[in-house]
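Enquirer: What follows is a structure written as structure tokens; I'll ask about it next.
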Amino acid sequence: MSTPQSQNTARKTIRRSLIGLLIVLGVTMLSGTIVSVALPQIVGSLQGTQSQYTWVVTATLLASTASTPVWGKLADLFDKKLLLQISIVLFILASLLCGLAQNTGQLIGFRAIQGLGMGASQVLVQTIIGALVSPKERGRLNGLLGSVMAVATVGGPLIGGALTDISWLGWRWCFFIGIPFMVVALVVLARTLHLDDARKPDTRVDYVGATLIAAGVSTLLLWVTFVGGSFAWLSWQTAAMVAGGVLLLALAVWVEGRVAQPVIPLHLVTRRETAIAILASVAVGMAMFGGAVFLGQYFQLARGYSPTAAGLLTTPLMLGTMGASTIAGWMVSRSGRVKPYVLTGLTTLTVGFIALSFIDADTPLPLVSLGMLAVGMGVGMSMQNLVLVVQNSVPLSELGAASGSITFFRSLGGTIGVSVLGAILANRVAGNITDGLASAGIALPEGGPDTSTLDLAGMPPFLRTIVENAYGSATGDLFLVATGIAVVGLAVAFFLPDVRLRDTIDMPGSTTTEAAQKPTDQDPELQDKDGDHPLPT
């Protein structure tokens, strides 16, 4: 029988482990957006080209998204703690190398390595939390997860812009700033995280399936990134890349259906709960990633604010996500039901997108803030709860693959959404500027206006007004498209089964090792009247 002293020690150990996990998640999410407003200075300092500018972002997204399901499966086969430690060290080394890069070629390569660490850390954190806390009580923790992800995603551009503007720091600190936090997390987790995740004797890694999935996804992401810019939507390049990507993924499905231990078990993604949650997560992923990117650009190019001020103006998006995820997580833990909060979240997300679809260069900032607040609340109520739906439907032995799958498809949806919406925005901006110049009687350059290197400060007032109106109107059109995607996600979510979250870490009747439940089962004081495993506070 455990003593009060041992119970208190166990509670503190779990709390410290969770703090370390949240630090890892926050820093990796931050690294994805912190360079967004600093990229012009970064690429200019390294004397890079416009194509290299794109690759600094694309390399990270490709590596992170394509490797996510692989890391999730490895978490089911190997020691989760060791894998997380490897991913943290990989991220730290890559961040250091990115900050020391001497040319854009080096930076692109190091950013790809950093993307591997990002993808691994994000899915492993969620998998490990799933191994420590029951699905019902995990709802409360999802509030913290959503808050951390919101602060990191929306706050990244603000922090990156501020670091770049400080002369004695500069853009290199966009990469250095996360290193000390990750070192602290590495030490904390080494001392406090205890999981019985020894490798199983019959473990086999499906290297063929993993390679095909990574290659197929990378091909399609490359197409989405460059179509409409480097080549036309209807072109031989489009045909080759789409056909090649689809063929590779078809082969991956064929392989995954025939191997004993697939990277993405087909029975997981075809299960009703998982399939619906994946489709709904596409809309949420687009909101989470696209909101920070395009709203920050709107405030800079349509309203004339500095990068730092633009970051501050996106604060309602962050506050909405933090508040909604915290409150919804607490309510989910009390009720054990997820579907009402997912539906409410996606409805609020749709309303927010509708509001933002009416913005232009002259829309009052309070109205823009209300739209951002609604989008943030929608993301906060639905994002982590969709992960919870998937984790609740699988045994502990498949938790890594399930978490990896939902994270992978959410990231994939976000990446595709940002790329497609970005292409739409570029085309609309070019068309709007062309119309504005023509109305002013100004001759257009051959090939139309170049919108990749716009300098509002150096423009004459009449031209600046044309450009600001062009971006303002185009951003509204962009969120009208986003509204349609959100509506699809909402419609799909109506088919989620209204299940109750289980009170145990593993599914009833599972043969999973009892050692994985030890951190919570050994502490009676961590249980509430329903037998749950609440987080230590």
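To be explicit about the labels: the chains of the structure tokens are called A, B, and onward in the order shown, and within each one the residues are counted from 1, while ligands get numbers from 1 in the order they are shown.
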Give me, as an MDAnalysis selection string, all polymer residues having an atom no more than 9 Å from A:Val487, counting only C-alpha atoms and skipping those fewer than 4 positions away in the same chain.
Expert: chainID A and resid 283 346:347 350 482:483 491:492
Enquirer: At a cut-off of 10 Å, can you tabulate as JSON lines every residue of stretch 204-266 of chain A near stretch 71-93 of chain A together with its closest atom pair and the distance in Å to one decimal, using only C-alpha atoms and ordering rows by chain then number?
Expert:
```
{"residue": "A:Arg204", "atom": "CA", "partner": "A:Leu77", "partner_atom": "CA", "distance": 7.9}
{"residue": "A:Val205", "atom": "CA", "partner": "A:Leu74", "partner_atom": "CA", "distance": 7.6}
{"residue": "A:Asp206", "atom": "CA", "partner": "A:Lys73", "partner_atom": "CA", "distance": 9.3}
{"residue": "A:Ala210", "atom": "CA", "partner": "A:Lys73", "partner_atom": "CA", "distance": 9.7}
{"residue": "A:Gln261", "atom": "CA", "partner": "A:Lys73", "partner_atom": "CA", "distance": 8.8}
{"residue": "A:Pro262", "atom": "CA", "partner": "A:Lys73", "partner_atom": "CA", "distance": 7.9}
{"residue": "A:Val263", "atom": "CA", "partner": "A:Lys73", "partner_atom": "CA", "distance": 5.3}
{"residue": "A:Ile264", "atom": "CA", "partner": "A:Lys73", "partner_atom": "CA", "distance": 7.0}
{"residue": "A:Pro265", "atom": "CA", "partner": "A:Lys73", "partner_atom": "CA", "distance": 8.9}
```
Enquirer: By how many Å are atom CA of A:Arg410 and atom CA of A:Gly320 apart?
Expert: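 That distance, rounded to one decimal, is 19.7 Å.
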Enquirer: I'd like to know which of A:Ala190, A:Leu496, A:Leu463, A:Val418 is closest to A:Arg271, using only C-alpha atoms.
Expert: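 Closest to A:Arg271 of all the choices is A:Leu496.
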Enquirer: Distance table requested - stretch 402-443 of chain A against stretch 104-127 of chain A, cut-off 7 Å, only C-alpha atoms: one row per qualifying residue with the closest atom pair and its distance in Å to one decimal, ordered by chain and rising residue number, as JSON lines.
Expert:
```
{"residue": "A:Ser403", "atom": "CA", "partner": "A:Thr127", "partner_atom": "CA", "distance": 6.0}
{"residue": "A:Gly404", "atom": "CA", "partner": "A:Val123", "partner_atom": "CA", "distance": 5.5}
{"residue": "A:Thr407", "atom": "CA", "partner": "A:Val123", "partner_atom": "CA", "distance": 6.6}
```
Enquirer: Identify, on the basis of only C-alpha atoms, every residue whose closest approach to A:Leu39 does not exceed 10 Å; exclude the query and any residue fewer than 5 positions from it along the same chain; express the result as a PyMOL selection string.
Expert: chain A and resi 34+44-45+53-54+56-57+160-161+164+171
Enquirer: Got a sec: who's within 12 Å of A:Ile354, counting only C-alpha atoms, leaving out chain neighbours fewer than 6 positions off, as an MDAnalysis selection string?
Expert: chainID A and resid 347:348 367:368 370:372 374:375 476:487
Enquirer: Please return as a short mmCIF file (atom, residue, chain, number, x, y, z; two decimals) with N, CA and C atoms, in the first residue's frame: the residues of stretch 356-495 of chain A that backbone DSSP assigns to alpha helix (DSSP H).
Expert:
```
data_model
loop_
_atom_site.label_atom_id
_atom_site.label_comp_id
_atom_site.auth_asym_id
_atom_site.auth_seq_id
_atom_site.Cartn_x
_atom_site.Cartn_y
_atom_site.Cartn_z
N LEU A 356 -14.97 36.75 -41.72
CA LEU A 356 -13.72 37.21 -42.33
C LEU A 356 -13.83 37.30 -43.85
N LEU A 365 -11.24 47.42 -37.47
CA LEU A 365 -10.47 46.37 -36.79
C LEU A 365 -11.28 45.58 -35.76
N PRO A 366 -12.22 46.21 -35.02
CA PRO A 366 -13.02 45.40 -34.09
C PRO A 366 -13.80 44.29 -34.78
N LEU A 367 -14.30 44.55 -35.99
CA LEU A 367 -15.04 43.50 -36.72
C LEU A 367 -14.09 42.38 -37.17
N VAL A 368 -12.90 42.75 -37.61
CA VAL A 368 -11.91 41.74 -37.98
C VAL A 368 -11.54 40.91 -36.75
N SER A 369 -11.40 41.57 -35.62
CA SER A 369 -11.04 40.87 -34.38
C SER A 369 -12.12 39.88 -33.96
N LEU A 370 -13.40 40.24 -34.15
CA LEU A 370 -14.49 39.33 -33.81
C LEU A 370 -14.44 38.08 -34.69
N GLY A 371 -14.16 38.26 -35.98
CA GLY A 371 -14.03 37.12 -36.87
C GLY A 371 -12.88 36.22 -36.45
N MET A 372 -11.74 36.82 -36.11
CA MET A 372 -10.59 36.02 -35.66
C MET A 372 -10.90 35.30 -34.36
N LEU A 373 -11.61 35.97 -33.45
CA LEU A 373 -11.96 35.35 -32.18
C LEU A 373 -12.83 34.11 -32.40
N ALA A 374 -13.80 34.21 -33.32
CA ALA A 374 -14.66 33.06 -33.62
C ALA A 374 -13.86 31.91 -34.23
N VAL A 375 -12.94 32.23 -35.16
CA VAL A 375 -12.10 31.19 -35.75
C VAL A 375 -11.26 30.52 -34.67
N GLY A 376 -10.66 31.32 -33.79
CA GLY A 376 -9.85 30.76 -32.71
C GLY A 376 -10.65 29.86 -31.79
N MET A 377 -11.86 30.29 -31.45
CA MET A 377 -12.72 29.47 -30.58
C MET A 377 -13.09 28.16 -31.27
N GLY A 378 -13.35 28.22 -32.57
CA GLY A 378 -13.68 27.00 -33.31
C GLY A 378 -12.53 26.02 -33.32
N VAL A 379 -11.32 26.52 -33.54
CA VAL A 379 -10.14 25.65 -33.51
C VAL A 379 -9.95 25.06 -32.12
N GLY A 380 -10.10 25.90 -31.09
CA GLY A 380 -9.88 25.43 -29.73
C GLY A 380 -10.84 24.34 -29.30
N MET A 381 -12.09 24.42 -29.71
CA MET A 381 -13.08 23.43 -29.32
C MET A 381 -12.99 22.13 -30.10
N SER A 382 -12.42 22.17 -31.30
CA SER A 382 -12.47 20.99 -32.15
C SER A 382 -11.12 20.31 -32.36
N MET A 383 -10.03 21.04 -32.40
CA MET A 383 -8.75 20.48 -32.83
C MET A 383 -8.32 19.27 -32.00
N GLN A 384 -8.10 19.46 -30.69
CA GLN A 384 -7.63 18.36 -29.86
C GLN A 384 -8.72 17.35 -29.56
N ASN A 385 -9.98 17.76 -29.58
CA ASN A 385 -11.06 16.82 -29.33
C ASN A 385 -11.20 15.81 -30.46
N LEU A 386 -10.84 16.21 -31.68
CA LEU A 386 -10.84 15.24 -32.78
C LEU A 386 -9.74 14.20 -32.58
N VAL A 387 -8.60 14.62 -32.05
CA VAL A 387 -7.55 13.66 -31.70
C VAL A 387 -8.06 12.72 -30.61
N LEU A 388 -8.78 13.25 -29.66
CA LEU A 388 -9.32 12.45 -28.56
C LEU A 388 -10.30 11.40 -29.05
N VAL A 389 -11.11 11.74 -30.05
CA VAL A 389 -12.05 10.78 -30.63
C VAL A 389 -11.30 9.56 -31.17
N VAL A 390 -10.21 9.81 -31.86
CA VAL A 390 -9.43 8.72 -32.45
C VAL A 390 -8.74 7.91 -31.36
N GLN A 391 -8.11 8.58 -30.39
CA GLN A 391 -7.40 7.86 -29.34
C GLN A 391 -8.34 7.02 -28.48
N ASN A 392 -9.57 7.46 -28.32
CA ASN A 392 -10.54 6.72 -27.52
C ASN A 392 -10.97 5.42 -28.18
N LEU A 399 -1.94 3.12 -30.08
CA LEU A 399 -2.09 4.55 -29.80
C LEU A 399 -1.16 5.40 -30.66
N GLY A 400 0.07 4.94 -30.86
CA GLY A 400 1.02 5.70 -31.65
C GLY A 400 0.59 5.84 -33.09
N ALA A 401 0.17 4.71 -33.70
CA ALA A 401 -0.27 4.76 -35.09
C ALA A 401 -1.51 5.62 -35.25
N ALA A 402 -2.44 5.54 -34.30
CA ALA A 402 -3.65 6.35 -34.37
C ALA A 402 -3.34 7.83 -34.23
N SER A 403 -2.50 8.18 -33.24
CA SER A 403 -2.12 9.58 -33.05
C SER A 403 -1.35 10.11 -34.24
N GLY A 404 -0.46 9.27 -34.78
CA GLY A 404 0.31 9.67 -35.95
C GLY A 404 -0.57 9.90 -37.16
N SER A 405 -1.60 9.07 -37.32
CA SER A 405 -2.48 9.19 -38.48
C SER A 405 -3.27 10.50 -38.43
N ILE A 406 -3.88 10.81 -37.29
CA ILE A 406 -4.69 12.02 -37.20
C ILE A 406 -3.82 13.27 -37.29
N THR A 407 -2.64 13.22 -36.69
CA THR A 407 -1.72 14.36 -36.78
C THR A 407 -1.23 14.54 -38.21
N PHE A 408 -0.94 13.43 -38.87
CA PHE A 408 -0.46 13.47 -40.25
C PHE A 408 -1.50 14.11 -41.17
N PHE A 409 -2.74 13.64 -41.09
CA PHE A 409 -3.76 14.16 -41.99
C PHE A 409 -4.13 15.61 -41.67
N ARG A 410 -4.05 15.99 -40.39
CA ARG A 410 -4.29 17.38 -40.05
C ARG A 410 -3.19 18.28 -40.61
N SER A 411 -1.95 17.83 -40.48
CA SER A 411 -0.83 18.60 -41.04
C SER A 411 -0.89 18.64 -42.55
N LEU A 412 -1.26 17.50 -43.15
CA LEU A 412 -1.37 17.44 -44.61
C LEU A 412 -2.47 18.39 -45.09
N GLY A 413 -3.61 18.36 -44.39
CA GLY A 413 -4.70 19.27 -44.77
C GLY A 413 -4.29 20.72 -44.61
N GLY A 414 -3.58 21.02 -43.51
CA GLY A 414 -3.12 22.38 -43.31
C GLY A 414 -2.13 22.83 -44.37
N THR A 415 -1.21 21.93 -44.73
CA THR A 415 -0.20 22.27 -45.74
C THR A 415 -0.86 22.49 -47.10
N ILE A 416 -1.74 21.58 -47.50
CA ILE A 416 -2.43 21.73 -48.77
C ILE A 416 -3.32 22.97 -48.76
N GLY A 417 -4.00 23.19 -47.61
CA GLY A 417 -4.86 24.36 -47.52
C GLY A 417 -4.10 25.65 -47.67
N VAL A 418 -2.96 25.76 -46.98
CA VAL A 418 -2.15 26.97 -47.08
C VAL A 418 -1.64 27.17 -48.50
N SER A 419 -1.19 26.09 -49.14
CA SER A 419 -0.65 26.21 -50.49
C SER A 419 -1.73 26.60 -51.50
N VAL A 420 -2.88 25.92 -51.43
CA VAL A 420 -3.96 26.22 -52.38
C VAL A 420 -4.52 27.62 -52.14
N LEU A 421 -4.78 27.95 -50.87
CA LEU A 421 -5.30 29.28 -50.58
C LEU A 421 -4.27 30.35 -50.93
N GLY A 422 -2.99 30.04 -50.74
CA GLY A 422 -1.95 30.99 -51.13
C GLY A 422 -1.94 31.23 -52.63
N ALA A 423 -2.15 30.16 -53.41
CA ALA A 423 -2.20 30.31 -54.87
C ALA A 423 -3.41 31.14 -55.28
N ILE A 424 -4.55 30.89 -54.63
CA ILE A 424 -5.75 31.68 -54.92
C ILE A 424 -5.52 33.15 -54.58
N LEU A 425 -4.89 33.39 -53.42
CA LEU A 425 -4.62 34.76 -53.00
C LEU A 425 -3.72 35.48 -54.01
N ALA A 426 -2.65 34.80 -54.45
CA ALA A 426 -1.72 35.42 -55.39
C ALA A 426 -2.42 35.78 -56.69
N ASN A 427 -3.26 34.89 -57.19
CA ASN A 427 -3.96 35.16 -58.45
C ASN A 427 -4.96 36.31 -58.29
N ARG A 428 -5.68 36.32 -57.16
CA ARG A 428 -6.66 37.39 -56.94
C ARG A 428 -5.96 38.74 -56.77
N VAL A 429 -4.84 38.74 -56.04
CA VAL A 429 -4.11 39.99 -55.84
C VAL A 429 -3.61 40.54 -57.17
N ALA A 430 -3.01 39.66 -58.00
CA ALA A 430 -2.51 40.10 -59.30
C ALA A 430 -3.64 40.67 -60.15
N GLY A 431 -4.80 39.99 -60.14
CA GLY A 431 -5.94 40.47 -60.92
C GLY A 431 -6.47 41.80 -60.41
N ASN A 432 -6.54 41.93 -59.07
CA ASN A 432 -7.04 43.17 -58.49
C ASN A 432 -6.10 44.34 -58.77
N ILE A 433 -4.79 44.10 -58.69
CA ILE A 433 -3.83 45.17 -58.98
C ILE A 433 -3.90 45.57 -60.45
N THR A 434 -4.02 44.56 -61.31
CA THR A 434 -4.15 44.84 -62.74
C THR A 434 -5.37 45.72 -63.02
N ASP A 435 -6.51 45.36 -62.43
CA ASP A 435 -7.73 46.15 -62.62
C ASP A 435 -7.56 47.56 -62.07
N GLY A 436 -6.91 47.67 -60.90
CA GLY A 436 -6.72 48.99 -60.30
C GLY A 436 -5.81 49.88 -61.12
N LEU A 437 -4.73 49.30 -61.65
CA LEU A 437 -3.81 50.08 -62.49
C LEU A 437 -4.48 50.48 -63.80
N ALA A 438 -5.25 49.56 -64.37
CA ALA A 438 -5.94 49.87 -65.62
C ALA A 438 -6.95 51.00 -65.42
N SER A 439 -7.65 50.96 -64.29
CA SER A 439 -8.62 52.03 -64.01
C SER A 439 -7.94 53.38 -63.84
N PRO A 461 1.60 57.26 -52.92
CA PRO A 461 0.33 57.04 -52.20
C PRO A 461 -0.76 56.38 -53.04
N PHE A 462 -0.94 56.81 -54.30
CA PHE A 462 -2.03 56.26 -55.10
C PHE A 462 -1.79 54.78 -55.38
N LEU A 463 -0.52 54.39 -55.64
CA LEU A 463 -0.21 52.99 -55.93
C LEU A 463 -0.34 52.14 -54.67
N ARG A 464 0.06 52.69 -53.55
CA ARG A 464 -0.07 51.96 -52.28
C ARG A 464 -1.54 51.68 -51.98
N THR A 465 -2.40 52.64 -52.27
CA THR A 465 -3.84 52.44 -52.05
C THR A 465 -4.37 51.30 -52.92
N ILE A 466 -3.91 51.26 -54.17
CA ILE A 466 -4.34 50.19 -55.08
C ILE A 466 -3.92 48.82 -54.54
N VAL A 467 -2.67 48.72 -54.09
CA VAL A 467 -2.15 47.44 -53.59
C VAL A 467 -2.87 47.03 -52.30
N GLU A 468 -3.07 47.97 -51.40
CA GLU A 468 -3.75 47.64 -50.14
C GLU A 468 -5.18 47.17 -50.40
N ASN A 469 -5.88 47.86 -51.31
CA ASN A 469 -7.24 47.43 -51.66
C ASN A 469 -7.24 46.06 -52.31
N ALA A 470 -6.21 45.79 -53.12
CA ALA A 470 -6.11 44.50 -53.80
C ALA A 470 -5.95 43.37 -52.79
N TYR A 471 -5.07 43.55 -51.80
CA TYR A 471 -4.86 42.52 -50.78
C TYR A 471 -6.07 42.40 -49.86
N GLY A 472 -6.67 43.52 -49.51
CA GLY A 472 -7.83 43.46 -48.63
C GLY A 472 -8.98 42.68 -49.25
N SER A 473 -9.31 43.00 -50.50
CA SER A 473 -10.39 42.30 -51.20
C SER A 473 -10.06 40.83 -51.42
N ALA A 474 -8.81 40.54 -51.81
CA ALA A 474 -8.40 39.16 -52.08
C ALA A 474 -8.44 38.31 -50.82
N THR A 475 -8.08 38.89 -49.68
CA THR A 475 -8.12 38.14 -48.42
C THR A 475 -9.54 37.76 -48.06
N GLY A 476 -10.50 38.68 -48.30
CA GLY A 476 -11.89 38.34 -48.07
C GLY A 476 -12.34 37.19 -48.95
N ASP A 477 -11.95 37.21 -50.23
CA ASP A 477 -12.29 36.11 -51.15
C ASP A 477 -11.67 34.80 -50.67
N LEU A 478 -10.47 34.91 -50.12
CA LEU A 478 -9.77 33.73 -49.63
C LEU A 478 -10.56 33.04 -48.51
N PHE A 479 -11.06 33.82 -47.57
CA PHE A 479 -11.80 33.24 -46.46
C PHE A 479 -13.19 32.77 -46.88
N LEU A 480 -13.68 33.25 -48.01
CA LEU A 480 -14.93 32.70 -48.55
C LEU A 480 -14.71 31.26 -48.99
N VAL A 481 -13.56 31.00 -49.62
CA VAL A 481 -13.20 29.62 -49.99
C VAL A 481 -13.02 28.77 -48.73
N ALA A 482 -12.36 29.35 -47.72
CA ALA A 482 -12.17 28.63 -46.46
C ALA A 482 -13.49 28.28 -45.80
N THR A 483 -14.49 29.14 -45.96
CA THR A 483 -15.82 28.86 -45.42
C THR A 483 -16.39 27.58 -46.01
N GLY A 484 -16.23 27.42 -47.33
CA GLY A 484 -16.73 26.20 -47.97
C GLY A 484 -16.07 24.95 -47.42
N ILE A 485 -14.76 25.02 -47.18
CA ILE A 485 -14.05 23.86 -46.63
C ILE A 485 -14.52 23.58 -45.20
N ALA A 486 -14.73 24.63 -44.41
CA ALA A 486 -15.21 24.45 -43.05
C ALA A 486 -16.61 23.83 -43.02
N VAL A 487 -17.46 24.21 -43.96
CA VAL A 487 -18.81 23.64 -44.03
C VAL A 487 -18.74 22.14 -44.30
N VAL A 488 -17.83 21.74 -45.18
CA VAL A 488 -17.65 20.31 -45.44
C VAL A 488 -17.22 19.58 -44.18
N GLY A 489 -16.27 20.16 -43.44
CA GLY A 489 -15.85 19.55 -42.19
C GLY A 489 -16.99 19.44 -41.18
N LEU A 490 -17.83 20.46 -41.10
CA LEU A 490 -18.97 20.44 -40.19
C LEU A 490 -19.97 19.37 -40.60
N ALA A 491 -20.24 19.26 -41.90
CA ALA A 491 -21.19 18.26 -42.38
C ALA A 491 -20.70 16.85 -42.06
N VAL A 492 -19.41 16.63 -42.24
CA VAL A 492 -18.84 15.30 -41.96
C VAL A 492 -18.94 14.99 -40.46
N ALA A 493 -18.67 16.00 -39.61
CA ALA A 493 -18.66 15.78 -38.17
C ALA A 493 -20.01 15.36 -37.62
#
```
Enquirer: What lies within 12 Å of A:Val184 using only C-alpha atoms, ignoring chain neighbours under 2 positions off, as a ChimeraX atom specification?
Expert: /A:16-17,19-24,27,85,88-89,92,178-182,186-191
Enquirer: For the interface of stretch 306-332 of chain A with stretch 292-302 of chain A (cut-off 7 Å, counting only C-alpha atoms), please tabulate each contacting residue of stretch 306-332 of chain A alongside its nearest pair of atoms and their separation in Å to one decimal, rows sorted by chain and increasing number, as a tab-separated table.
Expert:
```
residue	atom	partner	partner_atom	distance
A:Ser306	CA	A:Gln300	CA	6.0
A:Pro307	CA	A:Gln300	CA	6.5
A:Ala310	CA	A:Phe299	CA	5.3
A:Gly311	CA	A:Gly296	CA	6.3
A:Thr314	CA	A:Gly296	CA	6.9
```
Enquirer: Can you write out the residues you just picked, keeping C-alpha atoms, as a JSON list (two decimals), in the first residue's frame?
Expert:
```json
[["chain", "number", "residue", "atom", "x", "y", "z"],
["A", 306, "SER", "CA", 4.71, 46.44, -39.28],
["A", 307, "PRO", "CA", 5.43, 42.69, -38.75],
["A", 310, "ALA", "CA", 0.62, 42.53, -37.36],
["A", 311, "GLY", "CA", 1.51, 39.78, -34.91],
["A", 314, "THR", "CA", -3.73, 38.45, -34.51]]
```
